[in-house]
Each structure stands twice: as structure tokens, then as C-alpha cells.
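Source file: target.txt (compact mmCIF, C-alpha atoms)
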```
# COMPACT_ATOMS: atom_id res chain seq x y z
CA MET A 1498 11.38 90.58 -56.17
CA PRO A 1499 11.93 88.47 -59.23
CA LEU A 1500 12.81 84.86 -58.40
CA VAL A 1501 16.48 84.84 -57.35
CA PHE A 1502 17.50 81.19 -57.74
CA ALA A 1503 16.33 77.94 -59.31
CA GLY A 1504 17.75 74.45 -59.40
CA VAL A 1505 17.16 70.74 -59.04
CA ALA A 1506 18.77 68.03 -56.95
CA SER A 1507 18.36 64.42 -55.91
CA HIS A 1508 16.89 63.52 -52.51
CA ALA A 1509 17.21 59.73 -52.18
CA PRO A 1510 17.56 58.63 -48.53
CA GLY A 1511 20.66 56.56 -49.29
CA ILE A 1512 22.56 59.75 -50.14
CA THR A 1513 22.91 60.41 -46.42
CA GLY A 1514 21.77 57.10 -44.92
CA ARG A 1515 24.16 54.82 -46.83
CA ALA A 1516 26.99 57.30 -47.34
CA ASP A 1517 29.57 54.93 -45.88
CA GLN A 1518 28.70 52.19 -48.40
CA ALA A 1519 29.41 54.27 -51.52
CA ASP A 1520 32.63 54.69 -53.45
CA PRO A 1521 34.20 57.74 -51.70
CA GLU A 1522 35.45 59.18 -54.97
CA VAL A 1523 32.09 59.49 -56.72
CA ARG A 1524 30.24 60.24 -53.48
CA ASP A 1525 32.51 63.14 -52.58
CA ALA A 1526 32.34 64.56 -56.11
CA PHE A 1527 28.55 64.51 -55.79
CA TYR A 1528 28.65 66.15 -52.35
CA ALA A 1529 31.01 68.81 -53.72
CA SER A 1530 28.48 69.66 -56.45
CA TYR A 1531 25.75 69.91 -53.84
CA ASP A 1532 28.02 72.29 -51.94
CA GLN A 1533 28.55 74.31 -55.10
CA MET A 1534 24.78 74.60 -55.31
CA ARG A 1535 24.68 75.75 -51.67
CA GLN A 1536 27.19 78.49 -52.44
CA ALA A 1537 25.19 79.65 -55.46
CA LEU A 1538 22.02 79.61 -53.37
CA GLU A 1539 23.65 81.68 -50.61
CA ALA A 1540 25.07 84.11 -53.15
CA SER A 1541 21.51 84.78 -54.34
CA ARG A 1542 20.73 86.07 -50.79
CA PRO A 1543 17.31 84.40 -50.52
CA ASP A 1544 14.77 85.30 -47.85
CA ALA A 1545 13.09 81.92 -48.27
CA LEU A 1546 13.61 78.65 -50.11
CA MET A 1547 10.63 76.99 -51.75
CA ILE A 1548 11.23 73.27 -52.15
CA ILE A 1549 9.06 71.44 -54.66
CA ALA A 1550 9.13 67.89 -53.36
CA ALA A 1551 7.60 64.55 -54.16
CA GLU A 1552 6.78 63.50 -50.63
CA HIS A 1553 6.34 59.86 -49.76
CA PHE A 1554 3.11 59.58 -47.75
CA SER A 1555 4.42 61.60 -44.84
CA ASN A 1556 1.59 64.12 -44.89
CA PHE A 1557 -0.74 63.20 -47.71
CA PHE A 1558 -2.49 59.89 -48.24
CA MET A 1559 -4.98 58.35 -50.64
CA ASN A 1560 -7.89 59.38 -48.39
CA ASN A 1561 -7.50 62.98 -49.54
CA MET A 1562 -4.63 63.34 -51.98
CA PRO A 1563 -3.90 66.84 -53.29
CA SER A 1564 -2.41 67.24 -56.75
CA PHE A 1565 -0.52 70.22 -55.34
CA ALA A 1566 0.05 71.40 -51.80
CA ILE A 1567 2.05 74.19 -50.19
CA GLY A 1568 2.95 74.52 -46.52
CA MET A 1569 1.74 77.53 -44.55
CA ALA A 1570 3.40 77.28 -41.14
CA ASP A 1571 6.09 79.10 -39.16
CA ARG A 1572 7.93 75.89 -38.38
CA TYR A 1573 8.20 72.35 -39.63
CA GLU A 1574 9.72 69.21 -38.18
CA GLY A 1575 11.70 66.42 -39.74
CA PRO A 1576 12.73 63.89 -40.64
CA ILE A 1577 9.80 61.57 -39.91
CA GLU A 1578 12.10 58.63 -40.62
CA ASP A 1579 14.36 56.97 -38.08
CA PRO A 1580 17.24 59.50 -37.79
CA ASP A 1581 19.87 56.74 -37.69
CA TRP A 1582 18.45 55.17 -40.85
CA LEU A 1583 18.48 58.50 -42.71
CA GLY A 1584 21.67 59.85 -41.20
CA ILE A 1585 19.96 63.16 -40.35
CA GLU A 1586 18.99 64.23 -36.82
CA ARG A 1587 15.45 65.34 -35.99
CA THR A 1588 15.19 69.10 -36.02
CA THR A 1589 12.88 72.05 -36.41
CA VAL A 1590 13.04 73.96 -39.68
CA PRO A 1591 11.85 77.56 -39.86
CA GLY A 1592 8.99 78.49 -42.19
CA ASN A 1593 7.16 81.74 -42.86
CA ALA A 1594 3.39 81.41 -42.64
CA ASP A 1595 2.73 84.98 -43.70
CA LEU A 1596 4.88 84.69 -46.81
CA SER A 1597 3.34 81.30 -47.60
CA LYS A 1598 -0.13 82.78 -47.37
CA ARG A 1599 0.70 85.57 -49.80
CA LEU A 1600 2.35 83.18 -52.25
CA ILE A 1601 -0.49 80.66 -52.05
CA THR A 1602 -3.10 83.35 -52.55
CA GLU A 1603 -1.40 84.38 -55.78
CA ILE A 1604 -0.67 80.83 -56.96
CA MET A 1605 -4.34 79.95 -56.49
CA GLN A 1606 -5.26 82.43 -59.19
CA THR A 1607 -3.85 80.04 -61.79
CA SER A 1608 -3.24 76.64 -60.12
CA ASP A 1609 -5.53 74.73 -57.78
CA VAL A 1610 -3.32 74.20 -54.75
CA SER A 1611 -4.12 72.91 -51.28
CA TYR A 1612 -2.53 74.57 -48.30
CA ALA A 1613 -1.27 72.81 -45.19
CA GLU A 1614 -0.62 74.41 -41.79
CA GLU A 1615 1.06 71.20 -40.64
CA TRP A 1616 3.77 69.41 -42.56
CA ARG A 1617 6.34 66.88 -41.43
CA PHE A 1618 9.36 66.66 -43.67
CA ASP A 1619 10.60 63.33 -44.95
CA HIS A 1620 13.85 62.58 -46.78
CA GLY A 1621 12.50 64.33 -49.88
CA ILE A 1622 13.05 67.69 -48.19
CA MET A 1623 15.50 66.83 -45.39
CA VAL A 1624 18.23 65.46 -47.67
CA PRO A 1625 18.39 68.59 -49.87
CA LEU A 1626 18.26 70.82 -46.76
CA HIS A 1627 21.08 68.84 -45.18
CA PHE A 1628 23.31 70.00 -48.04
CA LEU A 1629 21.82 73.38 -48.92
CA ALA A 1630 20.96 74.86 -45.50
CA PRO A 1631 22.83 72.65 -43.04
CA ARG A 1632 22.26 75.06 -40.14
CA TYR A 1633 18.49 75.10 -40.85
CA ASP A 1634 18.52 78.88 -40.72
CA LEU A 1635 16.80 79.59 -44.05
CA PRO A 1636 12.98 79.75 -43.95
CA VAL A 1637 11.53 76.95 -46.06
CA ILE A 1638 8.25 76.87 -47.96
CA PRO A 1639 7.46 73.24 -48.78
CA ALA A 1640 5.47 72.42 -51.89
CA ASN A 1641 4.37 69.02 -53.09
CA ILE A 1642 3.29 67.41 -56.32
CA ASN A 1643 1.61 64.00 -56.19
CA CYS A 1644 4.23 61.75 -57.78
CA GLN A 1645 3.46 58.67 -55.66
CA GLY A 1646 -0.21 57.66 -55.55
CA PRO A 1647 -1.85 57.23 -58.98
CA PRO A 1648 -3.74 58.87 -60.58
CA LEU A 1649 -0.84 61.31 -60.58
CA THR A 1650 -0.69 65.01 -61.29
CA PRO A 1651 -0.31 65.39 -65.08
CA VAL A 1652 3.14 66.66 -66.14
CA SER A 1653 1.51 69.50 -68.05
CA ARG A 1654 -0.09 70.67 -64.81
CA ALA A 1655 3.26 70.39 -63.01
CA TYR A 1656 4.75 72.73 -65.62
CA ALA A 1657 1.84 75.14 -65.15
CA PHE A 1658 2.29 74.92 -61.37
CA GLY A 1659 5.86 76.14 -61.88
CA GLN A 1660 4.56 79.05 -63.95
CA SER A 1661 2.12 79.91 -61.15
CA ILE A 1662 4.92 79.78 -58.57
CA ARG A 1663 6.99 82.12 -60.72
CA ARG A 1664 4.20 84.68 -60.99
CA ALA A 1665 3.72 84.59 -57.22
CA ALA A 1666 7.43 84.71 -56.36
CA ASP A 1667 7.94 87.68 -58.65
CA ALA A 1668 5.03 89.51 -57.00
CA VAL A 1669 6.17 89.40 -53.36
CA PRO A 1670 8.85 91.76 -52.00
CA GLU A 1671 10.91 88.89 -50.57
CA ARG A 1672 13.74 87.19 -52.46
CA ILE A 1673 12.51 83.66 -53.26
CA ALA A 1674 14.75 80.74 -54.21
CA LEU A 1675 13.24 77.61 -55.75
CA ILE A 1676 14.43 74.03 -56.03
CA GLY A 1677 12.80 70.87 -57.31
CA THR A 1678 13.90 67.58 -55.78
CA GLY A 1679 13.36 64.10 -57.04
CA GLY A 1680 14.84 61.19 -58.84
CA ILE A 1681 15.00 60.67 -62.56
CA SER A 1682 15.01 56.98 -63.57
CA HIS A 1683 15.00 54.71 -60.53
CA TRP A 1684 13.19 51.81 -58.95
CA PRO A 1685 13.41 52.80 -55.27
CA ALA A 1686 11.87 50.69 -52.54
CA THR A 1687 11.61 47.64 -54.78
CA PRO A 1688 13.93 44.60 -54.93
CA ASP A 1689 15.44 46.34 -57.98
CA SER A 1690 16.59 49.30 -55.87
CA GLY A 1691 19.84 50.51 -57.42
CA LYS A 1692 18.70 50.01 -61.01
CA ILE A 1693 19.25 53.20 -63.03
CA ASN A 1694 18.68 53.88 -66.74
CA GLU A 1695 21.62 56.19 -67.36
CA SER A 1696 20.89 56.93 -71.03
CA TRP A 1697 17.28 57.77 -70.19
CA ASP A 1698 18.50 60.10 -67.44
CA ARG A 1699 21.00 61.87 -69.67
CA ASP A 1700 18.35 62.34 -72.36
CA PHE A 1701 15.92 63.77 -69.82
CA LEU A 1702 18.54 66.11 -68.34
CA ASP A 1703 19.45 67.33 -71.81
CA LYS A 1704 15.81 68.27 -72.41
CA TRP A 1705 15.61 69.81 -68.95
CA ALA A 1706 18.78 71.91 -69.42
CA ARG A 1707 17.48 73.19 -72.77
CA ASN A 1708 14.12 73.77 -71.08
CA ASP A 1709 12.44 72.12 -74.05
CA ARG A 1710 8.84 72.46 -72.95
CA ASP A 1711 7.29 70.28 -75.65
CA ALA A 1712 9.82 67.47 -75.13
CA LEU A 1713 9.33 67.56 -71.35
CA LEU A 1714 5.55 67.50 -71.58
CA ALA A 1715 5.66 64.52 -73.97
CA TYR A 1716 6.63 62.11 -71.17
CA THR A 1717 3.79 59.71 -70.34
CA ASP A 1718 3.37 57.67 -67.17
CA GLU A 1719 3.32 54.48 -69.24
CA ASP A 1720 6.65 55.25 -70.91
CA CYS A 1721 8.21 56.37 -67.64
CA LEU A 1722 7.11 53.26 -65.76
CA ARG A 1723 8.43 50.94 -68.49
CA ASP A 1724 11.77 52.64 -69.14
CA ALA A 1725 12.61 54.48 -65.94
CA GLY A 1726 10.68 52.88 -63.10
CA GLN A 1727 7.97 54.20 -60.80
CA GLY A 1728 10.55 56.52 -59.23
CA SER A 1729 10.71 58.51 -62.46
CA PHE A 1730 7.24 59.88 -61.78
CA GLU A 1731 9.19 62.43 -59.71
CA ILE A 1732 10.33 64.21 -62.91
CA ARG A 1733 7.31 66.41 -62.18
CA THR A 1734 9.41 68.34 -59.66
CA TYR A 1735 12.06 69.10 -62.30
CA ILE A 1736 9.39 70.02 -64.85
CA ALA A 1737 7.80 72.46 -62.39
CA VAL A 1738 11.16 74.24 -62.12
CA SER A 1739 11.23 74.35 -65.93
CA GLY A 1740 7.84 76.02 -65.88
CA ALA A 1741 9.08 78.56 -63.35
CA CYS A 1742 11.99 79.38 -65.66
CA GLU A 1743 10.21 79.24 -69.01
CA GLY A 1744 12.43 80.44 -71.84
CA ARG A 1745 15.63 80.08 -69.79
CA SER A 1746 18.17 77.30 -69.88
CA GLY A 1747 19.93 75.29 -67.23
CA GLU A 1748 23.20 73.59 -66.47
CA VAL A 1749 23.70 70.12 -65.03
CA LEU A 1750 26.54 70.51 -62.50
CA PHE A 1751 26.68 66.82 -61.69
CA TYR A 1752 25.20 63.56 -62.87
CA ALA A 1753 26.37 60.06 -62.02
CA PRO A 1754 24.50 56.83 -61.41
CA ILE A 1755 25.35 55.70 -57.86
CA PRO A 1756 23.58 52.36 -57.40
CA ILE A 1757 24.01 52.18 -53.62
CA PHE A 1758 22.16 55.52 -53.42
CA ALA A 1759 19.46 53.99 -55.68
CA VAL A 1760 19.36 56.93 -58.08
CA GLY A 1761 21.30 58.81 -60.75
CA CYS A 1762 22.61 61.57 -58.51
CA THR A 1763 21.93 64.99 -59.98
CA VAL A 1764 22.60 68.64 -59.22
CA GLY A 1765 21.44 71.27 -61.70
CA LEU A 1766 20.99 75.02 -61.83
CA MET A 1767 18.54 76.96 -64.02
CA ASP A 1768 18.87 80.58 -65.10
CA VAL A 1769 16.13 82.73 -63.60
CA ALA A 1770 16.59 85.99 -65.51
CA MET B 247 -9.24 43.32 -50.77
CA SER B 248 -8.30 45.81 -48.06
CA LEU B 249 -4.90 46.91 -49.38
CA TYR B 250 -6.02 50.49 -48.89
CA TYR B 251 -6.40 49.95 -45.13
CA VAL B 252 -3.10 48.08 -44.84
CA GLN B 253 -1.44 51.11 -46.36
CA LYS B 254 -3.44 53.48 -44.19
CA PHE B 255 -2.34 51.59 -41.09
CA LEU B 256 1.29 51.90 -42.18
CA TYR B 257 0.86 55.57 -43.13
CA GLU B 258 -0.36 56.36 -39.61
CA LEU B 259 2.37 54.25 -38.04
CA ASN B 260 5.15 55.80 -40.12
CA ARG B 261 4.37 59.36 -39.12
CA ASP B 262 2.85 59.24 -35.63
CA PRO B 263 4.93 58.47 -32.49
CA LYS B 264 1.74 57.80 -30.48
CA PHE B 265 0.61 55.27 -33.05
CA GLN B 266 4.06 53.69 -32.88
CA GLU B 267 3.76 53.38 -29.11
CA ARG B 268 0.40 51.64 -29.48
CA TYR B 269 1.93 49.33 -32.10
CA ARG B 270 4.44 48.26 -29.46
CA THR B 271 2.07 47.95 -26.50
CA ASP B 272 -1.51 47.50 -27.78
CA LEU B 273 -1.16 45.90 -31.20
CA GLU B 274 -4.28 43.67 -31.21
CA ASN B 275 -6.63 46.53 -30.39
CA LEU B 276 -4.89 48.79 -32.84
CA LEU B 277 -5.31 46.27 -35.65
CA ASN B 278 -8.99 45.89 -34.75
CA GLU B 279 -9.54 49.53 -35.67
CA PHE B 280 -8.77 48.81 -39.33
CA ASP B 281 -10.67 46.73 -41.90
CA LEU B 282 -8.04 44.01 -42.40
CA THR B 283 -8.03 40.36 -43.44
CA PRO B 284 -6.34 37.78 -41.17
CA GLU B 285 -3.50 37.56 -43.72
CA GLU B 286 -2.96 41.30 -43.56
CA ARG B 287 -3.11 41.40 -39.74
CA THR B 288 -0.45 38.72 -39.50
CA ALA B 289 1.78 40.43 -42.05
CA LEU B 290 1.56 43.75 -40.20
CA ALA B 291 2.22 42.18 -36.80
CA GLU B 292 5.17 39.91 -37.59
CA PRO B 293 6.26 42.03 -39.62
CA ASP B 294 6.24 40.05 -42.88
CA ILE B 295 7.91 42.51 -45.27
CA GLY B 296 7.87 40.04 -48.18
CA LYS B 297 4.12 39.40 -47.84
CA LEU B 298 3.32 43.11 -47.57
CA TYR B 299 5.37 43.79 -50.70
CA HIS B 300 3.65 40.92 -52.51
CA ILE B 301 0.14 42.19 -51.75
CA GLY B 302 1.04 45.56 -53.25
CA VAL B 303 1.92 47.95 -50.43
CA ASN B 304 3.46 51.06 -51.97
CA GLY B 305 7.22 50.75 -51.57
CA GLN B 306 7.65 54.19 -50.09
CA ILE B 307 5.27 53.24 -47.28
CA LEU B 308 6.87 49.83 -46.80
CA MET B 309 10.40 51.26 -46.78
CA HIS B 310 9.60 53.46 -43.78
CA PHE B 311 7.97 50.52 -41.98
CA ALA B 312 11.11 48.42 -42.47
CA ALA B 313 13.25 51.28 -41.16
CA PHE B 314 10.93 51.55 -38.12
CA HIS B 315 11.69 47.90 -37.39
CA HIS B 316 15.45 48.59 -37.82
CA ILE B 317 15.64 46.13 -40.71
CA GLU B 318 18.96 46.75 -42.42
CA TRP B 319 18.78 47.90 -46.06
CA GLN B 320 20.15 44.82 -47.79
CA ASP B 321 18.04 42.58 -45.56
CA TYR B 322 14.96 44.66 -46.40
CA LEU B 323 15.60 44.25 -50.14
CA GLN B 324 16.14 40.51 -49.67
CA ARG B 325 12.89 40.13 -47.73
CA MET B 326 11.01 41.66 -50.68
CA ARG B 327 12.75 39.27 -53.10
CA ASP B 328 11.90 36.36 -50.82
CA GLY B 329 8.28 37.50 -50.67
CA VAL B 330 7.99 37.47 -54.45
CA ALA B 331 9.75 34.09 -54.66
CA GLU B 332 7.44 32.58 -52.06
CA HIS B 333 4.10 34.21 -52.87
CA GLY B 334 4.40 35.27 -56.52
CA PRO B 335 4.47 38.63 -58.33
CA VAL B 336 3.14 41.82 -56.76
CA ARG B 337 -0.65 41.58 -56.86
CA GLU B 338 -1.44 45.22 -57.68
CA GLY B 339 0.07 48.68 -57.94
CA VAL B 340 3.23 50.00 -59.58
CA TYR B 341 5.86 48.56 -57.24
CA ALA B 342 6.54 45.42 -59.25
CA THR B 343 9.96 43.86 -59.56
CA THR B 344 11.42 44.16 -63.06
CA GLY B 345 14.78 42.37 -62.86
CA TYR B 346 18.15 43.81 -61.85
CA GLU B 347 21.73 42.59 -61.67
CA GLY B 348 22.17 44.01 -58.16
CA VAL B 349 24.00 46.97 -56.68
CA GLU B 350 27.41 45.31 -56.39
CA ALA B 351 27.55 44.02 -59.99
CA HIS B 352 26.13 47.33 -61.27
CA SER B 353 28.65 49.38 -59.25
CA ALA B 354 31.54 47.25 -60.48
CA LYS B 355 30.45 47.83 -64.07
CA LEU B 356 30.55 51.58 -63.37
CA GLY B 357 34.00 51.28 -61.79
CA GLN B 358 32.66 52.15 -58.32
CA ARG B 359 33.71 50.38 -55.16
CA THR B 360 31.03 49.50 -52.62
CA ASN B 361 31.17 48.78 -48.94
CA ILE B 362 27.90 46.95 -48.43
CA ASP B 363 26.97 45.55 -45.08
CA HIS B 364 25.36 42.14 -45.60
CA GLU B 365 24.76 41.57 -41.92
CA GLU B 366 21.25 40.33 -41.16
CA GLY B 367 19.20 43.09 -39.58
```
Give the structure from the file, written as C-alpha cells.
Amino acid sequence: MPLVFAGVASHAPGITGRADQADPEVRDAFYASYDQMRQALEASRPDALMIIAAEHFSNFFMNNMPSFAIGMADRYEGPIEDPDWLGIERTTVPGNADLSKRLITEIMQTSDVSYAEEWRFDHGIMVPLHFLAPRYDLPVIPANINCQGPPLTPVSRAYAFGQSIRRAADAVPERIALIGTGGISHWPATPDSGKINESWDRDFLDKWARNDRDALLAYTDEDCLRDAGQGSFEIRTYIAVSGACEGRSGEVLFYAPIPIFAVGCTVGLMDVA
Amino acid sequence: MSLYYVQKFLYELNRDPKFQERYRTDLENLLNEFDLTPEERTALAEPDIGKLYHIGVNGQILMHFAAFHHIEWQDYLQRMRDGVAEHGPVREGVYATTGYEGVEAHSAKLGQRTNIDHEEG
């Protein structure tokens, strides 16, 4: 079936872990947008949700770092973090190894992807799932782009990875939904945690919503690091969704800098057809 | 010189309950299995969050280590600031400090209330 759903959302651990420290008004508006995304996702009647994440050394390390990886298991566990710290209980999340294998086989025709029959979810996947599939009843296919350990996956390859995912998703009989999760500008896990470049974020989201391929692929790591912090390397996950929806446009349902969550909190949907 | 192995130690610790159990009960032997300097061994054992940040441990790895030790968020951020103040700028990597007014001042500017727990962790 053609891809049935595409979107992007933030995944910062503070979104759930420090919920009680945020201004309730802006926090609840953000949560409501995430719930709107859940409703749109459910309305698309997906058989599986592929999550393009920017994992944080939970499965992949600098001894053998894949540019791209996709999970190929029937179940996954998470979060690896202390459940009290993250505000999300440990649980088992269903996967679909057979579907993963068919998708990976097709994706490999055009993108060099590693596969992983073990994968422990960190906040990068658990936070979006907490909002989008809170009963953990939707099979998940985790995907990862190296946004953490330089040298990083080039943004042009992230876009092409999205195109490869689209070809594969369209080729299987199942109804596949796709989300990318990451931060835009932010300086997480530094003493400057909470710093957000709002104008940079809004400019990026404007390019993302217009799906302006050339503008998105013009971002360099040097510019990102200077203007938007090392956390902005995660724009690769949004750009992969752009690649999967080439020629279509998107809509930003919510954006607000929430310093205690350490990121400009974002929910966006992209047209798939 | 062995930043890679400091990070590898923390990577294993962050994701493996058996490794965490050995950290609690058999720390000296566990540290011996990694190519670490005395400075790094001490920082991992104490734990000295500020020193680990200063030597360049990737923040995403260090954040999970702090959570493992139940170090409260604001305390964790302060320990990194203290590490830079005491030891100097981050030696290598992309997790440098760049200057920031702080969450409370920033939130106030945005018209957002905050309810931050400053209790020492």
C-alpha cells in the first residue's frame, strides 16, 4: 500500500520526565497537538509505524556505528533509562520481523542500511510512542540515523534514505505510517540545556513544511553547531521524512520553545499523497 | 587519551543491567577491563560528572549516567558547570558550553511559569 501517514515530533526526555516543572498552559497545548497527531495516525489505520529516530548510544556505539539502521525483531523493550527519570514505565513494544525484513530488503536496493535483530528503545522512541501509541499495541519498526557520533550521516543521504523508505513502504501490502523524531535547535545534555534558537527553528520548519529540498540539503554541520547546537544534528530525521514525501508539503501543528523541556517542541504532519 | 574507552564503559553501563550490577558490587575489577587513566577511573567511580563532562564525554552518554545515579536534573546541569569552572573548557568533542541565561530567565522572557526543583540530588 502507498505510505498512509507521515509526520514529525519532538522526543526530548524532559517532555515526560519534567512535565511537572513546565508551565501547564504551554505544556498542555503541546500535549494536545501530540494527541491530534495520534488521532490522525489512528485514522490512517496503519499496520505498522516506522519511527526514524536519532538514538543516543542505546544500541549503536563508535566501535561499529551504522549511518542507517532498521530493527528486525518481533518485540523491543524500553526505555533503557531509569523509568522514574523519564516518566515512562518499562514495557515491551511489538515489532514485526517479517515486515521489517521485506522493507529492509527493498530499502537496501538504494540505501546502505544495517539491520538489527535486537534494539532497546531510549527516550527518542519511547517519548513519541507514549503519546502516539500509549497502549503499545501498534507494531513499531525502529530506524536510526547517526545524528550523535561524528562523522555523521550526511543530510543528503538522510533525504535519500527517506526516498528509499518510501519506495519500500509503497511496495509492501501493509499500511505503513512514518514519523521522524528529533529536536531542531537545542543544546541538550550540556550546561546550556534549555537554550533554543527560536528564529532558526521557525526558519527550518518553514523550509520543512514547504518541503524545499534544496534549502533543507544546504544545512551544514558547521552552521548547525554554531547556530543551533549539537542537538540540531537531529534535523536528519525530519529531512528523511521530507525525502519520503518528496513533492508534498507539510503543516506544523505546534511549535513553541519550552526551555524546561530543553527543545522547541514540535508536532508536524506531511501530506503523503 | 582514552576518552573512547571512558565512553564505552558508560555505554555498556547505561544499557546493561548486569553491567550495572557489577558497577555496584565489583567496580575495581570492572574498571580494570577498560584502558583507562587513573583520572578517568576516579571520575567514573565517584562519579565526578563535572570531570567527565570536561574531558569530553558525549552529553547523551553522560546524561544517562547521571540519571543512573539518581542525580536530579538541575544538580546534574550544575555539576557540569562546576566541572568547566574548575577544570576548564571541554577538552574535545561537540558538547562544549556556549553560554546561556538559564531556563528560569528564558522561560520568564517567554511568559512561561516554571516549577523547578532546586533540591540537591
- Using all atoms listed in the file, which chain A residues lie at most 10 Å away from chain B, written as a PyMOL selection string? chain A and resi 1511+1514-1524+1552-1560+1576-1583+1617-1619+1645-1647+1684-1693+1722-1723+1726-1728+1753-1759
- Query: Can you tell me, as a list in words, which residues sit within 9 Å of (-7.4, 46.1, -42.2) in the file's frame, using only C-alpha atoms?
  - Reply: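 Collected hits near the coordinates: Ser248, Leu249, Tyr250, Tyr251, Val252, Gln253, Lys254, Phe255, Leu277, Asn278, Glu279, Phe280, Asp281, Leu282, Thr283, Pro284, Glu286 and Arg287 of chain B.
Separating CA of Asp1724 (chain A) from CA of Asp1711 (chain A) is a distance of 19.3 Å.
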- Do you have the CA of Val1610 (chain A)-CA of Pro1563 (chain A) distance handy?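 These two atoms are separated by 7.5 Å.
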- Item | Interatomic distance, CA of Ala312 (chain B) to CA of Thr271 (chain B) (Å, one decimal) |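 Distance reported for this atom pair: 18.4 Å.
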- Query: For Glu292 (chain B), which residue among B:Asn275, B:Arg270, B:Phe265, B:Arg337 is the nearest when counting all atoms listed in the file?
  - Reply: B:Arg270
- Point out the residue among A:Ile1732, A:Met1534, A:Ala1665, A:Ala1715 with the least atom-to-atom distance to Ala1550 (chain A), counting all atoms listed in the file.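 Using all atoms listed in the file, the shortest distance to Ala1550 (chain A) belongs to A:Ile1732.
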- Excluding region 1584-1600 of chain A and residues on its chain fewer than 5 positions from it, collect all residues at most 7 Å away from it, counting only C-alpha atoms, and give them as a VMD selection string. chain A and resid 1513 to 1514 1568 to 1576 1633 to 1638 1665 to 1666
